[in-house]
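Step one of this worksheet: look at the structure below.
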Amino acid sequence: MKNWLRGFTVLTIALMLSGCAKKQEPASQASPGSPTTALKSAFDDGPRAAAAPVDEGVVKQGEKLFKDKGCSACHAFGRKLTCPDLAGVTQRRTAQWMEHQVLHPEIMTKQDPIAHELFAKFALQMPNQGLTEAQAHAVIEYFKHQDHELSTHK
Ligand code: HEC
């Protein structure tokens, strides 16, 4: 890649980051010639969450938490509110990535390239809703359940 273009890429990324993070991403994120590296997330390796069977025993609890913990104020399934539409989210992400997003959204938007891109797109920081790991698991199983329902009742 031409030097000026590389400089431009690095500058653009630096500008994007400066809004919410003082620390710059590792240089590898800005490596020229491979635009996809910018979206590589350490938590998003491996099969999508939907590939694993649903832990049906916690789905009801997850559904309740989704309302009680305020998630439904911002998110819906198959409808775009002010935040990402969660329909199909378990086909887009790994369970591990979603767990990190739910437990540490404020860290994810700064350090994880996927969350950072969502943050740039929606111009809103998802708040930390203080879920425990077990609660995050239940909510993610609820998402998997929703995606299974949507794909079997088409
Ligand atoms: C104030 C609005 C708001 C609330 C409340 C909220 N979120 Fe979010 N959520 C967002 C935004 C905005 C993003 C995109 C990342 C960012 O900008 O922080 C997001 C991203 C996500 C994602 C990733 C979506 C994708 O397409 O990959 C998941 C999963 C998620 N939220 C789950 C939850 C859960 C579970 C709760 C409740 C515990 C919750 N959110 C509460 C605003 C919200």
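The chains in the structure tokens are called A, B, ... from first to last as shown; in each chain the residues are counted from 1, and the ligands are counted from 1 in the order shown.
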
Residues near Arg92 in chain A, cut-off 9 Å, only C-alpha atoms, skip fewer than 3 positions along chain, as a ChimeraX atom specification: /A:48-50,88-89

Surrounding residues as a PyMOL selection string, ligand 1, max 7 Å, only C-alpha atoms and all ligand atoms: chain A and resi 66+69-75+83-86+89+92-93+98+101-102+105-106+109+115-116+118-120+122-127+129+131+136+139

Trp97 in chain A surroundings by only C-alpha atoms, 9 Å radius, close-in-sequence under 5 positions cut, as a VMD selection string: chain A and resid 41 to 45 102

Gln135 in chain A environment, 10 Å, only C-alpha atoms, sequence neighbours closer than 2 positions dropped, as a PyMOL selection string: chain A and resi 58+61-62+65-66+99+102-103+130-133+137-141

Residues from the last selection, N, CA and C atoms, saved as a PDB file, in the first residue's frame:
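New file selection09.pdb:
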ATOM      1  N   VAL A  58     -32.955 -22.383  31.039  1.00  0.00           N
ATOM      2  CA  VAL A  58     -32.732 -21.015  31.527  1.00  0.00           C
ATOM      3  C   VAL A  58     -33.343 -19.951  30.598  1.00  0.00           C
ATOM      4  N   GLN A  61     -35.846 -17.564  32.270  1.00  0.00           N
ATOM      5  CA  GLN A  61     -35.119 -16.628  33.135  1.00  0.00           C
ATOM      6  C   GLN A  61     -34.444 -15.539  32.296  1.00  0.00           C
ATOM      7  N   GLY A  62     -33.865 -15.952  31.175  1.00  0.00           N
ATOM      8  CA  GLY A  62     -33.209 -14.991  30.282  1.00  0.00           C
ATOM      9  C   GLY A  62     -34.195 -13.983  29.724  1.00  0.00           C
ATOM     10  N   LEU A  65     -35.010 -11.527  32.470  1.00  0.00           N
ATOM     11  CA  LEU A  65     -33.886 -10.617  32.696  1.00  0.00           C
ATOM     12  C   LEU A  65     -33.810  -9.566  31.587  1.00  0.00           C
ATOM     13  N   PHE A  66     -34.093  -9.988  30.363  1.00  0.00           N
ATOM     14  CA  PHE A  66     -34.037  -9.071  29.228  1.00  0.00           C
ATOM     15  C   PHE A  66     -34.957  -7.861  29.460  1.00  0.00           C
ATOM     16  N   GLU A  99     -21.140 -12.679  25.668  1.00  0.00           N
ATOM     17  CA  GLU A  99     -20.992 -12.624  27.118  1.00  0.00           C
ATOM     18  C   GLU A  99     -20.121 -11.426  27.520  1.00  0.00           C
ATOM     19  N   VAL A 102     -22.127  -8.234  27.066  1.00  0.00           N
ATOM     20  CA  VAL A 102     -23.155  -8.014  28.090  1.00  0.00           C
ATOM     21  C   VAL A 102     -22.506  -7.655  29.438  1.00  0.00           C
ATOM     22  N   LEU A 103     -21.398  -8.318  29.765  1.00  0.00           N
ATOM     23  CA  LEU A 103     -20.780  -8.095  31.075  1.00  0.00           C
ATOM     24  C   LEU A 103     -19.898  -6.839  31.118  1.00  0.00           C
ATOM     25  N   GLY A 130     -24.959  -4.613  34.978  1.00  0.00           N
ATOM     26  CA  GLY A 130     -24.612  -5.309  36.214  1.00  0.00           C
ATOM     27  C   GLY A 130     -25.077  -6.755  36.302  1.00  0.00           C
ATOM     28  N   LEU A 131     -25.127  -7.451  35.183  1.00  0.00           N
ATOM     29  CA  LEU A 131     -25.520  -8.859  35.213  1.00  0.00           C
ATOM     30  C   LEU A 131     -24.387  -9.727  35.767  1.00  0.00           C
ATOM     31  N   THR A 132     -24.764 -10.839  36.392  1.00  0.00           N
ATOM     32  CA  THR A 132     -23.769 -11.831  36.783  1.00  0.00           C
ATOM     33  C   THR A 132     -23.486 -12.709  35.563  1.00  0.00           C
ATOM     34  N   GLU A 133     -22.431 -13.526  35.669  1.00  0.00           N
ATOM     35  CA  GLU A 133     -22.114 -14.430  34.554  1.00  0.00           C
ATOM     36  C   GLU A 133     -23.276 -15.365  34.257  1.00  0.00           C
ATOM     37  N   HIS A 137     -25.391 -15.668  30.811  1.00  0.00           N
ATOM     38  CA  HIS A 137     -25.595 -16.955  30.143  1.00  0.00           C
ATOM     39  C   HIS A 137     -27.075 -17.156  29.822  1.00  0.00           C
ATOM     40  N   ALA A 138     -27.935 -16.893  30.783  1.00  0.00           N
ATOM     41  CA  ALA A 138     -29.381 -17.084  30.579  1.00  0.00           C
ATOM     42  C   ALA A 138     -29.897 -16.194  29.451  1.00  0.00           C
ATOM     43  N   VAL A 139     -29.433 -14.949  29.417  1.00  0.00           N
ATOM     44  CA  VAL A 139     -29.881 -14.023  28.376  1.00  0.00           C
ATOM     45  C   VAL A 139     -29.420 -14.508  26.994  1.00  0.00           C
ATOM     46  N   ILE A 140     -28.195 -15.013  26.937  1.00  0.00           N
ATOM     47  CA  ILE A 140     -27.662 -15.502  25.657  1.00  0.00           C
ATOM     48  C   ILE A 140     -28.434 -16.745  25.197  1.00  0.00           C
ATOM     49  N   GLU A 141     -28.817 -17.605  26.139  1.00  0.00           N
ATOM     50  CA  GLU A 141     -29.638 -18.777  25.777  1.00  0.00           C
ATOM     51  C   GLU A 141     -31.008 -18.314  25.260  1.00  0.00           C
TER      52      GLU A 141
END

Among listed residues A:Ala76, A:Ala134, A:Asn128, A:Glu149, nearest Val54 in chain A (using only C-alpha atoms): A:Glu149

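Note that CA of Gln96 in chain A and CA of Leu81 in chain A are 24.4 Å apart.
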
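Going from CA of Asp68 in chain A over to CA of Pro113 in chain A, you cover 28.7 Å.
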
In range 14-147 of chain A, DSSP helix (DSSP H, G or I) residues written as a PyMOL selection string: chain A and resi 14-18+27-30+35-39+49-51+56-68+71-74+89-92+95-103+105-111+113-122+133-147
